[in-house]
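J.: Sharing a structure here in structure tokens format.
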2 protein chains.
Amino acid sequence: MTSQTDALETISLRPIGFVETDVADEDVPRRRRDMVSEVVLLEHYLDALRGIDDYSHLVILFWMHRAPTGKPTLVSHPRGDPGLPLTGVLASRGRNHPNPIGLAVVELLGRRETRLRVRRLDAYHGTPVIDIKPYDHYDVVSDLREPAWKQARM
Amino acid sequence: MTSQTDALETISLRPIGFVETDVADEDVPRRRRDMVSEVVLLEHYLDALRGIDDYSHLVILFWMHRAPTGKPTLVSHPRGDPGLPLTGVLASRGRNHPNPIGLAVVELLGRRETRLRVRRLDAYHGTPVIDIKPYDHYDVVSDLREPAWKQARM
């Protein structure tokens, strides 16, 4: 079947920028809810940002370049906590996905040319950014269901 | 600066599955709000899905393999409509991003092994899937701001 053959080809992409933050790597997990960073895009993407200031929130896709490589993990305890149920990596938001793409919904605080100041981007300093998208009303889910263990930890 | 050098290296990734749908390519745009598709992951990712059924919604990342290549576009009219303001590609949800990664928030209708039945995935039949993530309460933005033209078209 053609579609399956297509699907198995390797994909190449190039970073469009990178993350700058003063927060040390080891502090990112506990500060993820309020940390402020800059997404610094390559200068030739300046025109590609026209109109982005009219959005309050963005989705940032980044490449978790320091995620462990080697034998792929299929299941793990969320947050490394053995008290939480063993969960498939694709059913969790951890770093050990087959393709280590990070996704963060962030607040856009301001922009200076290709530097976007954002709140709540849980990425290390130096992380390559591969795409950004304006967050729109289609991204809002109002009737959300999550696992019971997740709600209990909120 | 080390971080910028890191950021410019090419990234390789492999599809983890592909999209199956009966909807013809040309009908996807107008049916995107209610169309039903299957995300068919490679069989060795079965364990990686453990627990995903406890979520009502997922984020699907896919590779828009038929997006136009060649000279990169930096600005365009959203939806190809000249009545809408000329907008940077990174400030729109179109197909002409530097890395043509698609992002869709979908409803998980059911699962049979590595086949996930989902609603509202605006991807063509045969599209490579590169990651899936459970949608959680951190992805919900309640105080959203969008451009005036976008609200007027809702």
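Note on naming: chains are A, B, ... as they come in the structure tokens, residues start from 1 per chain, ligands start from 1 in the order shown.
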Residues of chain A within 7 Å of chain B, counting only C-alpha atoms - could you list those as a VMD selection string?

T.: chain A and resid 3 to 4 7 to 15 17 to 18 47 to 52 54 to 57 74 to 75 87 to 93 99 105 126 to 128 130 to 134 136 139 to 141 144 to 147

J.: Write out, as a CSV table (one decimal), in the first residue's frame, the residues just selected, with N, CA and C atoms.

T.:
```csv
chain,number,residue,atom,x,y,z
A,3,SER,N,0.5,4.3,0.8
A,3,SER,CA,0.5,5.2,2.0
A,3,SER,C,1.5,4.7,3.1
A,4,GLN,N,1.5,3.4,3.3
A,4,GLN,CA,2.4,2.9,4.4
A,4,GLN,C,3.8,3.0,4.0
A,7,ALA,N,4.9,6.5,4.6
A,7,ALA,CA,5.0,6.8,6.0
A,7,ALA,C,6.3,6.4,6.6
A,8,LEU,N,7.0,5.4,6.0
A,8,LEU,CA,8.2,4.9,6.6
A,8,LEU,C,9.5,5.6,6.2
A,9,GLU,N,9.4,6.5,5.3
A,9,GLU,CA,10.6,7.2,4.8
A,9,GLU,C,11.0,8.2,5.9
A,10,THR,N,12.4,8.4,6.0
A,10,THR,CA,12.9,9.3,7.0
A,10,THR,C,12.6,10.7,6.6
A,11,ILE,N,12.3,11.5,7.6
A,11,ILE,CA,12.0,12.9,7.4
A,11,ILE,C,13.2,13.8,7.9
A,12,SER,N,13.5,14.8,7.2
A,12,SER,CA,14.6,15.7,7.7
A,12,SER,C,13.9,17.1,7.9
A,13,LEU,N,14.3,17.7,9.0
A,13,LEU,CA,13.9,19.1,9.2
A,13,LEU,C,15.0,19.9,9.8
A,14,ARG,N,14.9,21.2,9.7
A,14,ARG,CA,15.9,22.1,10.3
A,14,ARG,C,15.3,23.0,11.3
A,15,PRO,N,16.0,23.2,12.4
A,15,PRO,CA,15.5,24.2,13.4
A,15,PRO,C,15.3,25.5,12.8
A,17,GLY,N,15.0,28.1,15.0
A,17,GLY,CA,15.5,29.0,16.0
A,17,GLY,C,15.9,28.2,17.3
A,18,PHE,N,16.0,28.9,18.4
A,18,PHE,CA,16.4,28.1,19.6
A,18,PHE,C,15.9,28.9,20.8
A,47,ASP,N,9.8,38.3,8.6
A,47,ASP,CA,8.5,38.5,7.9
A,47,ASP,C,7.5,37.4,8.2
A,48,ALA,N,8.0,36.2,8.5
A,48,ALA,CA,7.1,35.1,8.8
A,48,ALA,C,6.3,35.2,10.1
A,49,LEU,N,6.7,36.2,10.9
A,49,LEU,CA,6.0,36.5,12.1
A,49,LEU,C,5.0,37.6,12.1
A,50,ARG,N,4.8,38.2,10.9
A,50,ARG,CA,3.9,39.3,10.8
A,50,ARG,C,2.5,38.9,11.2
A,51,GLY,N,2.0,39.6,12.2
A,51,GLY,CA,0.6,39.4,12.7
A,51,GLY,C,0.6,38.5,14.0
A,52,ILE,N,1.7,38.0,14.4
A,52,ILE,CA,1.7,37.0,15.5
A,52,ILE,C,1.3,37.7,16.8
A,54,ASP,N,-1.0,39.6,17.5
A,54,ASP,CA,-2.4,39.6,17.7
A,54,ASP,C,-2.9,38.4,18.5
A,55,TYR,N,-2.0,37.4,18.7
A,55,TYR,CA,-2.4,36.2,19.5
A,55,TYR,C,-1.8,36.3,20.9
A,56,SER,N,-2.6,35.8,21.8
A,56,SER,CA,-2.1,35.8,23.2
A,56,SER,C,-1.3,34.6,23.5
A,57,HIS,N,-1.5,33.5,22.8
A,57,HIS,CA,-0.9,32.3,23.1
A,57,HIS,C,-0.3,31.6,21.8
A,74,LEU,N,9.2,1.9,25.8
A,74,LEU,CA,7.8,1.8,25.4
A,74,LEU,C,6.8,2.2,26.6
A,75,VAL,N,7.2,1.8,27.8
A,75,VAL,CA,6.4,2.2,29.0
A,75,VAL,C,7.3,2.7,30.1
A,87,THR,N,2.8,3.4,32.3
A,87,THR,CA,2.0,4.0,31.2
A,87,THR,C,2.8,4.0,29.9
A,88,GLY,N,2.2,3.8,28.8
A,88,GLY,CA,2.9,3.9,27.5
A,88,GLY,C,3.4,5.3,27.2
A,89,VAL,N,4.6,5.3,26.6
A,89,VAL,CA,5.2,6.6,26.4
A,89,VAL,C,4.4,7.6,25.5
A,90,LEU,N,3.6,7.0,24.6
A,90,LEU,CA,2.8,7.8,23.7
A,90,LEU,C,1.5,8.2,24.5
A,91,ALA,N,1.2,7.7,25.6
A,91,ALA,CA,0.1,8.1,26.5
A,91,ALA,C,0.6,9.0,27.6
A,92,SER,N,1.8,9.5,27.5
A,92,SER,CA,2.3,10.4,28.5
A,92,SER,C,3.0,11.6,27.8
A,93,ARG,N,3.3,12.6,28.6
A,93,ARG,CA,3.9,13.8,28.0
A,93,ARG,C,5.4,13.9,28.3
A,99,ASN,N,10.0,10.0,18.6
A,99,ASN,CA,10.6,11.2,18.1
A,99,ASN,C,10.4,12.2,19.2
A,105,VAL,N,2.2,24.8,25.2
A,105,VAL,CA,1.3,26.0,25.0
A,105,VAL,C,1.9,27.1,25.9
A,126,GLY,N,19.0,26.6,24.9
A,126,GLY,CA,19.7,26.0,23.8
A,126,GLY,C,18.9,25.0,23.0
A,127,THR,N,17.7,24.7,23.4
A,127,THR,CA,16.9,23.8,22.7
A,127,THR,C,16.5,24.3,21.3
A,128,PRO,N,16.7,23.4,20.3
A,128,PRO,CA,16.2,23.8,18.9
A,128,PRO,C,14.7,23.9,18.8
A,130,ILE,N,11.5,23.9,16.3
A,130,ILE,CA,11.2,23.4,14.9
A,130,ILE,C,10.0,24.0,14.3
A,131,ASP,N,9.1,24.5,15.1
A,131,ASP,CA,7.9,25.2,14.5
A,131,ASP,C,7.2,26.0,15.6
A,132,ILE,N,6.5,27.0,15.2
A,132,ILE,CA,5.6,27.7,16.2
A,132,ILE,C,4.3,27.9,15.4
A,133,LYS,N,3.2,27.9,16.2
A,133,LYS,CA,1.9,28.0,15.6
A,133,LYS,C,1.1,28.9,16.6
A,134,PRO,N,0.2,29.8,16.0
A,134,PRO,CA,-0.7,30.5,16.9
A,134,PRO,C,-1.7,29.6,17.5
A,136,ASP,N,-5.3,28.8,18.7
A,136,ASP,CA,-6.6,29.4,18.4
A,136,ASP,C,-7.7,28.6,19.0
A,139,ASP,N,-8.1,24.9,19.4
A,139,ASP,CA,-7.2,24.1,20.3
A,139,ASP,C,-7.8,24.0,21.7
A,140,VAL,N,-8.9,24.7,22.0
A,140,VAL,CA,-9.5,24.6,23.3
A,140,VAL,C,-10.5,23.5,23.4
A,141,VAL,N,-10.3,22.6,24.4
A,141,VAL,CA,-11.2,21.5,24.6
A,141,VAL,C,-11.9,21.8,26.0
A,144,LEU,N,-13.0,17.9,28.6
A,144,LEU,CA,-11.8,17.1,28.7
A,144,LEU,C,-11.9,15.9,29.7
A,145,ARG,N,-11.4,14.8,29.3
A,145,ARG,CA,-11.3,13.6,30.3
A,145,ARG,C,-9.9,13.2,30.3
A,146,GLU,N,-9.4,13.0,31.6
A,146,GLU,CA,-8.0,12.6,31.8
A,146,GLU,C,-8.1,11.4,32.8
A,147,PRO,N,-6.9,10.7,33.0
A,147,PRO,CA,-6.9,9.6,33.9
A,147,PRO,C,-7.2,10.1,35.3
```

J.: For Asp34 in chain B, list every protein, DNA or RNA residue within 12 Å, evaluated using only C-alpha atoms, and leave out those in the same chain fewer than 2 positions away; present the list as a list of chain:residue names.

T.: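 Neighbouring residues, sequence-local ones excluded: B:Val23, B:Asp27, B:Val28, B:Pro29, B:Arg30, B:Arg31, B:Arg32, B:Val36, B:Ser37, B:Val106, B:Glu107, B:Val118, B:Arg119, B:Arg120, B:Leu121, B:Asp122.
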
J.: Write out as an MDAnalysis selection string all residues of chain B that backbone DSSP assigns to alpha helix (DSSP H).

T.: chainID B and resid 2:7 28:31 148:152

J.: Take CA of Thr21 in chain A and CA of Glu38 in chain A and report the distance between them in Å, one decimal.

T.: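 Atom-to-atom, CA of Thr21 in chain A and CA of Glu38 in chain A are spaced 6.3 Å apart.
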
J.: If you run DSSP on the backbone, which residues of range 13-143 of chain B are strand (DSSP E or B), as JSON, numbers by chain?

T.: {"B": [13, 17, 18, 19, 20, 36, 37, 38, 39, 40, 41, 57, 58, 59, 60, 61, 62, 63, 75, 76, 87, 88, 101, 102, 103, 104, 105, 106, 107, 108, 109, 110, 111, 112, 115, 116, 117, 118, 119, 128, 129, 130, 131, 132, 133, 134]}

J.: Work out how far CA of Arg95 in chain B is from CA of Asn96 in chain A, in Å to one decimal.

T.: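 It comes out at 27.4 Å.
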
J.: Nearest to Ala152 in chain A: which of A:Ala67, A:Leu41, A:Leu84, A:Phe62 is it, counting only C-alpha atoms?

T.: A:Leu84

J.: Just give me the gap between CA of Arg115 in chain A and CA of Asp25 in chain A in Å, one decimal is fine.

T.: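 Here the two named atoms are 20.7 Å from each other.
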